[in-house]
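Undergrad: This is the content of work06.txt (compact mmCIF, C-alpha atoms):
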```txt
# COMPACT_ATOMS: atom_id res chain seq x y z
CA MET A 23 94.08 64.60 130.44
CA ALA A 24 93.38 68.04 131.83
CA ARG A 25 90.69 68.31 134.47
CA GLU A 26 87.86 70.83 134.20
CA GLY A 27 89.03 74.06 135.74
CA SER A 28 92.62 73.52 134.58
CA LEU A 29 94.64 76.70 134.10
CA GLU A 30 96.57 75.22 131.19
CA ALA A 31 96.48 77.32 128.04
CA PRO A 32 94.29 76.11 125.15
CA THR A 33 96.17 74.09 122.56
CA ARG A 34 95.41 73.34 118.92
CA HIS A 35 95.79 69.97 117.24
CA PRO A 36 97.27 69.79 113.74
CA ILE A 37 94.76 69.67 110.89
CA ASP A 38 95.18 66.13 109.52
CA TRP A 39 93.89 67.08 106.07
CA LYS A 40 96.20 64.80 104.08
CA ASN A 41 94.87 61.70 105.85
CA PRO A 42 92.10 60.00 103.78
CA GLU A 43 90.22 59.38 107.03
CA TYR A 44 89.85 63.16 107.42
CA TYR A 45 87.23 62.98 104.65
CA ASN A 46 85.29 60.08 106.18
CA GLU A 47 81.78 61.54 106.34
CA GLU A 48 80.40 58.96 108.78
CA ALA A 49 83.27 59.54 111.23
CA THR A 50 82.89 63.31 110.88
CA LEU A 51 79.15 63.16 111.57
CA HIS A 52 79.89 61.05 114.63
CA GLU A 53 82.37 63.67 115.89
CA MET A 54 79.87 66.46 115.17
CA GLU A 55 77.26 64.55 117.16
CA ARG A 56 79.65 64.29 120.11
CA ILE A 57 80.54 67.97 119.98
CA PHE A 58 76.98 69.19 119.36
CA ASP A 59 75.77 67.27 122.41
CA ILE A 60 78.36 69.01 124.59
CA CYS A 61 77.44 72.40 123.07
CA HIS A 62 73.73 71.71 123.69
CA GLY A 63 74.45 71.14 127.37
CA CYS A 64 76.54 74.31 127.69
CA ARG A 65 75.13 76.99 125.34
CA ARG A 66 77.71 79.64 126.27
CA CYS A 67 78.30 80.47 122.59
CA VAL A 68 74.68 81.16 121.66
CA SER A 69 75.32 84.84 120.89
CA LEU A 70 78.45 84.44 118.74
CA CYS A 71 77.13 83.47 115.30
CA GLY A 72 74.33 81.59 113.55
CA SER A 73 75.76 78.10 114.09
CA PHE A 74 74.78 77.82 117.73
CA PRO A 75 71.21 79.20 117.56
CA THR A 76 70.67 76.93 114.54
CA LEU A 77 71.90 73.91 116.51
CA PHE A 78 69.90 74.74 119.63
CA ASP A 79 66.72 75.34 117.63
CA LEU A 80 67.14 71.97 115.95
CA VAL A 81 67.44 70.34 119.36
CA ASP A 82 64.65 72.28 121.06
CA GLU A 83 62.21 71.83 118.19
CA GLY A 84 62.98 68.12 117.77
CA PRO A 85 60.76 65.32 119.07
CA THR A 86 62.93 64.51 122.10
CA GLY A 87 64.35 67.92 123.05
CA GLU A 88 67.79 66.30 122.91
CA LEU A 89 70.35 65.83 120.15
CA ASP A 90 69.16 62.28 119.44
CA GLY A 91 66.00 63.82 118.00
CA VAL A 92 67.91 65.76 115.32
CA ASP A 93 68.32 64.26 111.85
CA LYS A 94 72.03 64.12 111.03
CA LYS A 95 71.24 65.60 107.61
CA ASP A 96 70.40 68.81 109.48
CA PHE A 97 73.91 68.97 110.93
CA TRP A 98 74.95 70.58 107.64
CA LYS A 99 72.74 73.57 108.44
CA VAL A 100 75.01 74.22 111.43
CA VAL A 101 78.12 73.79 109.27
CA ASP A 102 76.88 76.32 106.73
CA GLN A 103 76.47 78.96 109.44
CA CYS A 104 80.09 78.70 110.62
CA TYR A 105 82.50 81.21 109.04
CA LEU A 106 85.56 80.09 111.04
CA CYS A 107 85.91 83.24 113.14
CA ASP A 108 87.40 81.03 115.92
CA LEU A 109 85.85 83.10 118.72
CA CYS A 110 84.04 80.12 120.23
CA TYR A 111 87.35 78.29 120.58
CA LEU A 112 89.40 81.12 121.99
CA THR A 113 86.96 83.25 123.97
CA LYS A 114 84.03 81.13 125.15
CA CYS A 115 84.46 77.36 125.15
CA PRO A 116 85.64 75.82 128.45
CA TYR A 117 86.15 72.40 126.86
CA VAL A 118 88.96 73.03 124.37
CA PRO A 119 92.17 70.96 124.54
CA PRO A 120 93.80 70.08 126.90
CA HIS A 121 90.37 69.51 128.50
CA GLU A 122 89.38 65.85 128.31
CA PHE A 123 86.36 66.74 126.14
CA ASN A 124 88.87 67.83 123.47
CA LEU A 125 86.36 70.11 121.74
CA ASP A 126 87.38 72.10 118.66
CA PHE A 127 84.17 73.38 117.09
CA PRO A 128 85.62 75.52 114.24
CA HIS A 129 88.10 72.93 113.03
CA THR A 130 85.39 70.26 113.12
CA MET A 131 83.31 72.58 110.95
CA LEU A 132 86.34 73.00 108.67
CA ARG A 133 86.56 69.22 108.30
CA ALA A 134 82.87 69.08 107.39
CA LYS A 135 83.32 71.92 104.87
CA ALA A 136 86.26 70.05 103.32
CA ILE A 137 84.07 66.97 102.88
CA LYS A 138 81.31 69.07 101.34
CA PHE A 139 83.80 70.65 98.95
CA LYS A 140 85.30 67.30 97.98
CA LYS A 141 81.80 65.98 97.22
CA GLY A 142 81.26 68.84 94.74
CA GLU A 143 78.59 70.50 96.84
CA VAL A 144 80.10 74.00 96.70
CA SER A 145 78.69 76.15 93.90
CA ALA A 146 80.73 77.72 91.11
CA SER A 147 79.62 81.17 92.30
CA GLU A 148 81.00 80.52 95.81
CA LYS A 149 84.28 79.37 94.30
CA PHE A 150 84.45 82.53 92.20
CA LEU A 151 83.76 84.78 95.20
CA ALA A 152 86.71 83.17 96.99
CA SER A 153 89.07 83.70 94.03
CA THR A 154 90.53 87.05 95.07
CA ASP A 155 93.49 86.96 92.70
CA THR A 156 91.06 86.46 89.81
CA HIS A 157 88.98 89.49 90.83
CA GLY A 158 92.09 91.59 91.25
CA SER A 159 93.54 90.78 87.83
CA PHE A 160 91.67 93.78 86.41
CA ALA A 161 92.95 96.24 89.03
CA GLY A 162 95.27 98.93 87.70
CA ILE A 163 94.12 98.68 84.08
CA PRO A 164 93.09 102.16 82.83
CA ILE A 165 89.50 102.54 81.60
CA VAL A 166 88.75 98.89 82.47
CA VAL A 167 88.82 99.65 86.20
CA GLN A 168 86.64 102.72 85.89
CA THR A 169 84.17 100.82 83.74
CA ILE A 170 83.94 97.84 86.08
CA ASN A 171 83.57 100.06 89.14
CA ALA A 172 80.86 102.15 87.48
CA VAL A 173 78.90 99.13 86.23
CA ASN A 174 79.11 97.37 89.60
CA LYS A 175 77.33 100.31 91.23
CA THR A 176 74.29 100.14 88.96
CA GLN A 177 71.08 98.51 90.16
CA VAL A 178 70.88 96.37 87.01
CA ALA A 179 74.39 94.96 87.49
CA ARG A 180 73.78 94.28 91.17
CA GLN A 181 70.58 92.38 90.38
CA VAL A 182 72.47 90.31 87.81
CA MET A 183 75.21 89.56 90.36
CA GLN A 184 72.56 88.57 92.88
CA SER A 185 70.89 86.14 90.49
CA THR A 186 74.08 84.67 89.02
CA LEU A 187 76.68 84.92 91.79
CA GLY A 188 74.49 85.03 94.88
CA ILE A 189 75.89 88.43 95.92
CA ASP A 190 73.21 90.38 97.78
CA ALA A 191 72.23 93.48 95.80
CA LYS A 192 72.30 95.56 99.01
CA ALA A 193 75.70 94.40 100.28
CA TRP A 194 78.68 96.77 100.11
CA LEU A 195 81.30 95.66 97.57
CA PRO A 196 84.88 96.97 97.25
CA SER A 197 85.98 98.86 94.14
CA LEU A 198 89.05 97.94 92.14
CA ALA A 199 92.04 100.24 92.60
CA THR A 200 93.18 102.37 89.69
CA LYS A 201 96.77 101.55 90.73
CA LYS A 202 97.76 98.37 92.50
CA PHE A 203 99.62 98.83 95.78
CA ARG A 204 102.52 96.62 94.72
CA SER A 205 103.16 98.65 91.56
CA SER A 206 102.72 102.07 93.17
CA ALA A 207 104.42 101.59 96.56
CA SER A 208 107.21 103.96 97.52
CA LYS A 209 110.75 102.79 98.14
CA SER A 210 112.19 102.71 101.64
CA GLN A 211 114.68 105.36 102.54
CA ASP A 212 118.23 104.29 103.35
CA PHE A 213 117.81 103.87 107.09
CA GLU A 214 120.14 102.02 109.42
CA VAL A 215 118.73 98.69 110.59
CA ILE A 216 118.25 99.00 114.35
CA HIS A 217 117.20 95.79 116.07
CA GLY A 218 115.42 95.84 119.42
CA SER A 219 115.20 93.18 122.11
CA LYS A 220 111.79 92.15 120.77
CA THR A 221 111.73 93.28 117.18
CA PRO A 222 113.67 92.83 113.97
CA GLY A 223 114.87 96.17 112.62
CA LYS A 224 113.64 95.69 109.07
CA VAL A 225 110.26 94.82 107.61
CA ALA A 226 108.98 92.82 104.62
CA ILE A 227 105.43 93.70 103.56
CA PHE A 228 102.99 90.98 102.49
CA SER A 229 100.56 93.21 100.63
CA THR A 230 97.43 90.99 100.75
CA CYS A 231 94.93 90.79 97.89
CA TYR A 232 92.64 93.40 99.39
CA VAL A 233 95.27 96.09 99.94
CA ASN A 234 96.92 95.37 96.59
CA TYR A 235 93.77 95.31 94.47
CA ASN A 236 91.18 97.34 96.38
CA GLU A 237 92.50 99.77 99.01
CA PRO A 238 96.17 100.47 98.35
CA GLY A 239 95.96 103.56 100.55
CA ILE A 240 96.09 101.30 103.61
CA GLY A 241 99.40 99.88 102.43
CA HIS A 242 100.78 103.32 101.57
CA ASP A 243 99.89 104.54 105.05
CA LEU A 244 101.75 101.60 106.60
CA LEU A 245 104.84 102.45 104.55
CA LYS A 246 104.63 106.11 105.59
CA ILE A 247 104.47 105.09 109.25
CA LEU A 248 107.50 102.83 108.83
CA ASP A 249 109.39 105.61 107.03
CA HIS A 250 108.47 108.10 109.76
CA ASN A 251 109.92 105.72 112.34
CA GLU A 252 113.06 105.15 110.21
CA ILE A 253 112.32 101.44 109.78
CA PRO A 254 113.62 100.10 106.44
CA PHE A 255 111.16 97.97 104.48
CA VAL A 256 110.74 95.97 101.30
CA LEU A 257 107.76 94.43 99.58
CA VAL A 258 108.02 90.64 99.24
CA ASP A 259 109.17 89.70 95.73
CA LYS A 260 105.92 87.99 94.78
CA GLU A 261 102.81 86.79 96.51
CA LYS A 262 99.58 84.87 96.05
CA CYS A 263 96.35 85.02 98.07
CA CYS A 264 97.00 83.79 101.61
CA GLY A 265 94.28 81.15 101.16
CA MET A 266 91.77 82.25 103.80
CA PRO A 267 88.81 82.61 101.38
CA LYS A 268 89.50 79.07 100.12
CA LEU A 269 89.86 77.75 103.66
CA GLU A 270 86.41 79.11 104.49
CA LEU A 271 85.01 76.99 101.61
CA GLY A 272 86.86 73.87 102.71
CA ASP A 273 88.96 73.99 99.53
CA LEU A 274 92.14 72.77 101.17
CA GLU A 275 93.87 71.86 97.89
CA SER A 276 93.71 75.53 96.86
CA VAL A 277 95.06 76.53 100.27
CA ASP A 278 97.93 74.15 99.55
CA HIS A 279 98.57 75.84 96.19
CA SER A 280 98.79 79.21 97.92
CA LYS A 281 101.09 77.80 100.55
CA GLN A 282 103.41 76.32 97.93
CA ALA A 283 103.65 79.74 96.25
CA ASN A 284 104.00 81.93 99.35
CA ILE A 285 106.01 80.02 101.94
CA PRO A 286 109.30 79.61 99.98
CA VAL A 287 109.29 83.37 99.28
CA LEU A 288 108.39 84.41 102.83
CA ALA A 289 110.80 81.94 104.39
CA LYS A 290 113.72 83.68 102.67
CA TYR A 291 112.75 86.98 104.30
CA ALA A 292 112.40 85.26 107.66
CA GLN A 293 115.84 83.69 107.26
CA GLU A 294 117.27 87.14 106.51
CA GLY A 295 115.86 88.54 109.75
CA TYR A 296 112.86 90.49 108.47
CA ALA A 297 109.63 90.98 110.38
CA ILE A 298 106.86 90.11 107.91
CA LEU A 299 103.84 92.42 108.21
CA SER A 300 100.37 91.91 106.81
CA ALA A 301 97.75 94.64 107.21
CA VAL A 302 94.69 92.33 106.98
CA PRO A 303 94.10 90.26 110.15
CA SER A 304 92.71 87.23 108.28
CA CYS A 305 95.84 87.00 106.16
CA THR A 306 98.09 87.37 109.19
CA LEU A 307 96.15 84.63 110.99
CA MET A 308 96.57 82.24 108.06
CA PHE A 309 100.35 82.38 108.41
CA LYS A 310 100.28 82.45 112.21
CA GLN A 311 97.78 79.64 112.80
CA GLU A 312 95.97 77.82 109.99
CA ILE A 313 98.85 77.05 107.62
CA PRO A 314 101.16 76.03 110.52
CA LEU A 315 98.44 73.63 111.73
CA MET A 316 98.08 72.18 108.23
CA TYR A 317 101.87 71.69 107.93
CA PRO A 318 103.15 71.10 111.48
CA GLU A 319 106.34 69.39 110.29
CA ASP A 320 107.29 71.98 107.66
CA SER A 321 110.19 73.98 109.09
CA ASP A 322 109.76 76.86 106.62
CA VAL A 323 106.08 77.22 107.57
CA GLN A 324 106.97 77.32 111.25
CA LEU A 325 109.74 79.86 110.58
CA VAL A 326 107.33 82.15 108.73
CA LYS A 327 104.89 81.80 111.62
CA LYS A 328 107.54 83.13 114.02
CA HIS A 329 108.29 86.11 111.78
CA MET A 330 104.71 87.10 110.88
CA TRP A 331 103.42 90.21 112.69
CA ASP A 332 100.26 92.25 112.86
CA PRO A 333 101.37 95.84 112.09
CA PHE A 334 100.33 97.20 115.48
CA GLU A 335 101.81 94.21 117.28
CA TYR A 336 105.10 95.14 115.63
CA LEU A 337 104.81 98.88 116.27
CA MET A 338 103.99 98.42 119.95
CA ALA A 339 106.91 96.02 120.33
CA ARG A 340 109.10 98.76 118.84
CA LYS A 341 107.71 101.10 121.48
CA ARG A 342 108.68 98.67 124.25
CA ASP A 343 112.15 98.63 122.73
CA GLY A 344 112.22 102.44 122.90
CA LEU A 345 112.37 102.66 119.10
CA LEU A 346 108.96 104.12 118.20
CA LYS A 347 108.30 107.82 117.74
CA THR A 348 105.43 108.89 119.99
CA GLU A 349 105.24 112.59 119.13
CA PHE A 350 101.82 112.99 117.51
CA THR A 351 100.95 116.41 116.12
CA GLN A 352 97.28 115.94 115.25
CA LYS A 353 94.41 115.01 117.54
CA LEU A 354 91.70 112.67 116.28
CA GLY A 355 88.83 113.47 118.63
CA ASN A 356 86.39 110.60 119.20
CA VAL A 357 87.23 107.23 117.62
CA SER A 358 85.01 104.15 117.81
CA TYR A 359 87.24 101.18 117.10
CA GLN A 360 86.26 97.53 116.55
CA ILE A 361 88.71 94.68 117.14
CA PRO A 362 88.00 92.12 114.39
CA CYS A 363 87.62 88.42 115.19
CA HIS A 364 90.78 87.37 113.36
CA GLY A 365 92.68 90.04 115.27
CA ARG A 366 91.40 88.86 118.64
CA VAL A 367 92.25 85.20 118.05
CA GLN A 368 95.91 86.02 117.36
CA ASN A 369 96.29 86.42 121.13
CA ILE A 370 98.39 89.56 120.82
CA GLY A 371 96.32 91.80 123.07
CA LYS A 372 94.80 95.16 122.14
CA LYS A 373 97.82 96.55 120.30
CA THR A 374 95.89 98.83 117.95
CA GLU A 375 93.97 100.31 120.87
CA GLU A 376 97.23 100.81 122.79
CA MET A 377 98.70 102.87 119.98
CA LEU A 378 95.56 104.89 119.32
CA LYS A 379 95.37 105.75 123.03
CA MET A 380 98.82 107.35 122.83
CA ILE A 381 97.45 110.08 120.56
CA PRO A 382 96.76 113.32 122.53
CA GLU A 383 93.21 114.68 122.74
CA THR A 384 91.84 111.45 121.34
CA THR A 385 89.21 109.28 123.00
CA ILE A 386 88.92 105.62 122.00
CA ASN A 387 85.72 103.59 122.31
CA THR A 388 86.78 99.96 121.79
CA ILE A 389 84.28 97.26 120.84
CA GLU A 390 85.20 93.56 121.05
CA ARG A 391 82.48 91.82 119.08
CA CYS A 392 82.04 90.35 115.59
CA SER A 393 80.94 92.84 112.95
CA GLY A 394 79.08 90.06 111.14
CA HIS A 395 80.87 90.47 107.83
CA ALA A 396 82.99 87.32 108.05
CA GLY A 397 84.72 87.22 104.67
CA THR A 398 82.35 86.36 101.83
CA PHE A 399 79.59 85.38 104.28
CA GLY A 400 78.34 88.94 104.68
CA VAL A 401 77.92 89.65 100.98
CA LYS A 402 76.00 86.49 100.03
CA LYS A 403 72.28 86.82 99.40
CA ALA A 404 71.62 83.87 101.70
CA TYR A 405 73.36 85.52 104.65
CA HIS A 406 73.66 89.29 104.16
CA GLU A 407 70.60 90.19 106.22
CA GLN A 408 71.75 87.82 108.95
CA ALA A 409 75.23 89.38 108.84
CA MET A 410 73.71 92.82 109.35
CA ASN A 411 71.72 91.49 112.32
CA ILE A 412 74.85 89.92 113.86
CA GLY A 413 76.52 93.32 113.56
CA LYS A 414 73.70 95.35 115.12
CA PRO A 415 75.12 95.31 118.66
CA VAL A 416 78.45 96.50 117.22
CA PHE A 417 76.85 99.28 115.19
CA LYS A 418 74.90 100.49 118.24
CA ALA A 419 77.88 100.28 120.61
CA MET A 420 80.08 102.21 118.17
CA SER A 421 77.51 104.92 117.54
CA ALA A 422 78.13 106.72 120.84
CA MET A 423 81.11 107.26 123.11
CA LYS A 424 80.85 106.52 126.83
CA ASP A 425 79.87 110.12 127.54
CA GLY A 426 77.11 109.96 124.93
CA SER A 427 78.94 112.06 122.31
CA LYS A 428 79.20 110.93 118.71
CA PRO A 429 82.35 109.46 117.16
CA ASP A 430 84.29 111.48 114.62
CA PHE A 431 85.74 108.28 113.15
CA ILE A 432 84.83 104.60 113.05
CA SER A 433 87.61 102.12 112.46
CA SER A 434 88.50 98.43 112.31
CA ASP A 435 91.73 96.58 111.50
CA CYS A 436 89.66 94.48 109.07
CA PRO A 437 88.97 96.71 106.04
CA LEU A 438 85.95 94.66 104.92
CA GLY A 439 84.56 94.61 108.45
CA GLY A 440 85.00 98.37 108.62
CA HIS A 441 82.90 98.92 105.51
CA HIS A 442 80.29 96.49 106.83
CA ILE A 443 80.10 98.58 110.01
CA ALA A 444 79.82 101.78 107.99
CA GLN A 445 76.93 100.25 106.07
CA GLY A 446 75.35 99.26 109.37
CA PHE A 447 75.55 102.87 110.51
CA GLU A 448 73.83 103.98 107.31
CA VAL A 449 71.10 101.33 107.33
CA ASN A 450 70.30 101.87 111.00
CA GLN A 451 70.55 105.70 110.73
CA LEU A 452 73.22 105.94 113.41
CA GLY A 453 75.01 108.93 111.93
CA SER A 454 77.78 109.24 109.39
CA PRO A 455 81.20 109.33 111.08
CA GLU A 456 84.21 109.04 108.79
CA LEU A 457 85.48 105.50 108.21
CA GLN A 458 89.27 105.22 108.35
CA HIS A 459 91.58 102.28 108.85
CA PRO A 460 93.66 102.44 112.08
CA LEU A 461 96.87 102.75 110.05
CA THR A 462 95.39 105.78 108.30
CA LEU A 463 94.42 107.29 111.65
CA VAL A 464 97.98 106.88 112.97
CA ARG A 465 99.42 108.39 109.79
CA MET A 466 97.08 111.36 110.22
CA ALA A 467 98.01 111.70 113.91
CA TYR A 468 101.69 111.79 113.00
CA GLY A 469 100.87 114.72 110.71
CA ILE A 470 102.09 112.85 107.62
CA LYS A 471 100.48 113.72 104.30
```
What does the file become when written as structure tokens?

TA:
Amino acid sequence: MAREGSLEAPTRHPIDWKNPEYYNEEATLHEMERIFDICHGCRRCVSLCGSFPTLFDLVDEGPTGELDGVDKKDFWKVVDQCYLCDLCYLTKCPYVPPHEFNLDFPHTMLRAKAIKFKKGEVSASEKFLASTDTHGSFAGIPIVVQTINAVNKTQVARQVMQSTLGIDAKAWLPSLATKKFRSSASKSQDFEVIHGSKTPGKVAIFSTCYVNYNEPGIGHDLLKILDHNEIPFVLVDKEKCCGMPKLELGDLESVDHSKQANIPVLAKYAQEGYAILSAVPSCTLMFKQEIPLMYPEDSDVQLVKKHMWDPFEYLMARKRDGLLKTEFTQKLGNVSYQIPCHGRVQNIGKKTEEMLKMIPETTINTIERCSGHAGTFGVKKAYHEQAMNIGKPVFKAMSAMKDGSKPDFISSDCPLGGHHIAQGFEVNQLGSPELQHPLTLVRMAYGIK
């Protein structure tokens, strides 16, 4: 057992989701009680999300002022506030494994969510919200897309969605793309494959549901950057949602279905020496962390994990290998950039910031704090206002550079988080800087049209 104060790196236990005991509610409540008591005595994570203030209020307002005064039925209120951002585990908690307290708050919440899902206590509307491939099935269909997008912007439609699907009428929602990324992506030029000491010399793109169905421009900009740097690329033959929205519901069987569809395809690219890039941090994290923990003995899963890269992690590794072009022709001015939670917990460092800082006459204001969006959490009627409140410190910090000047651009690696931040700027009257994804900013700085 590690002693308190150990310098050993945090470790993660496999998710034992195939074991029937994993769904033992009494045992899970007992583990939550153990963990909640430790959290109550520490309280370092109080500012991260709603789970911890909810827990501490339950304790403080209870008859004893300790956890023994909290009804275990109220533990589910804490579970419902967790959106699996993982920040408590990787940035705050001093008691994670190998510490003897062996505390893993988010994965304990995941276990509780899985029990709740198995009991049929997740609504049909929540299941629909997490079905990204279903939403995207209409993308790219002429007239249908324009009609859906137009209707979804009307007050009447938004009120209907609020009453039937629980989507807050005020929350920003993405539009469907008129052309899917996978069907409109350009072909790679015939470049020589040049391997570096750290990086494979060719790339396979995992499009992600969001880029494919909603903002294909992000994917096109990634391809243009790869082309500019003479890095050959392909799009993976076929893909299904990574499974993150289903994981957040505790629907582990659906995560398994996604894994069964994606891993055999991605493993072939890994075996052929490709770096696999995903432009949405949550999707990248699924293949780097969550799926490997669900299938620790699956060699293909572990191989894909080794070959999965965040785009800027890959580009900065190419720079270290002396294989990245660093001649930028366009300045960007002031950029306020937010590192999303699922980017931070990949433990890759500030790679996006590093690349943006290479651009001449460009000042970067980096914010490391949750935007509050958190997948489907931020659009639900029950949580949208809370999500906006969680993001307020981010909105304020991004609204001014260190010298007090205003940003020309706001940006986040998480596209949904970026739009949530832009809405926060609008709601809080913090100005109207242009929202652009970091990949778009780099494409612009290279002078690529």

Undergrad: Report, in Å with one decimal, the straight-line distance from atom CA of A:Pro437 to atom CA of A:Gly72.

TA: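 Computing it gives 22.3 Å between the two atoms.
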
Undergrad: Using all atoms listed in the file, find the one residue out of A:Gly439, A:Gly413, A:Pro382, A:Pro128 that sits nearest to A:His459.

TA: A:Gly439

Undergrad: Can you work out which one of A:Leu345, A:His364, A:Val416, A:Tyr296 has the shortest atom-to-atom distance to A:Met308, counting all atoms listed in the file?

TA: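 Among A:Leu345, A:His364, A:Val416, A:Tyr296, it is A:His364 that comes nearest to A:Met308.
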
Undergrad: Using only C-alpha atoms, which residues sit within 12 Å of stretch 140-148 of chain A once same-chain residues fewer than 6 positions away are excluded, as a PyMOL selection string?

TA: chain A and resi 39+42+44-47+98+102+133-134+154+183-189+267-268+270-276+397-399+401-404

Undergrad: If we count only C-alpha atoms, what is near stretch 60-70 of chain A at a cut-off of 9 Å, once residues fewer than 6 positions away on the same chain are taken out, given as a PyMOL selection string?

TA: chain A and resi 77-78+81+88-89+109-110+114-115+117+123+125+391-392+412

Undergrad: Which of these residues is nearest to A:Glu312, using only C-alpha atoms: A:Ala292, A:Ala199, A:Leu51, A:Cys107?

TA: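 For A:Glu312, the nearest of the candidates is A:Cys107.
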
Undergrad: Figure out the distance between atom CA of A:Arg465 and atom CA of A:Asp435, please, to one decimal in Å.

TA: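 Answer for the atom CA of A:Asp435 to atom CA of A:Arg465 separation: 14.2 Å.
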
Undergrad: Have a look at A:Leu315, A:Leu198, A:Met338, A:Leu132 and name the one nearest to A:Gly218; count all atoms listed in the file.

TA: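 Among the listed residues, A:Met338 lies closest to A:Gly218.
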
Undergrad: Please identify all polymer residues within 10 Å of A:Lys224, counting only C-alpha atoms, omitting same-chain residues fewer than 6 positions from it, and present them as a PDB file with C-alpha atoms, keeping the file's coordinate frame.

TA:
```
ATOM      1  CA  PHE A 213     117.810 103.870 107.090  1.00  0.00           C
ATOM      2  CA  GLU A 214     120.140 102.020 109.420  1.00  0.00           C
ATOM      3  CA  VAL A 215     118.730  98.690 110.590  1.00  0.00           C
ATOM      4  CA  ILE A 216     118.250  99.000 114.350  1.00  0.00           C
ATOM      5  CA  HIS A 217     117.200  95.790 116.070  1.00  0.00           C
ATOM      6  CA  LEU A 248     107.500 102.830 108.830  1.00  0.00           C
ATOM      7  CA  GLU A 252     113.060 105.150 110.210  1.00  0.00           C
ATOM      8  CA  ILE A 253     112.320 101.440 109.780  1.00  0.00           C
ATOM      9  CA  PRO A 254     113.620 100.100 106.440  1.00  0.00           C
ATOM     10  CA  PHE A 255     111.160  97.970 104.480  1.00  0.00           C
ATOM     11  CA  VAL A 256     110.740  95.970 101.300  1.00  0.00           C
ATOM     12  CA  TYR A 291     112.750  86.980 104.300  1.00  0.00           C
ATOM     13  CA  GLU A 294     117.270  87.140 106.510  1.00  0.00           C
ATOM     14  CA  GLY A 295     115.860  88.540 109.750  1.00  0.00           C
ATOM     15  CA  TYR A 296     112.860  90.490 108.470  1.00  0.00           C
ATOM     16  CA  ALA A 297     109.630  90.980 110.380  1.00  0.00           C
ATOM     17  CA  ILE A 298     106.860  90.110 107.910  1.00  0.00           C
TER      18      ILE A 298
END
```
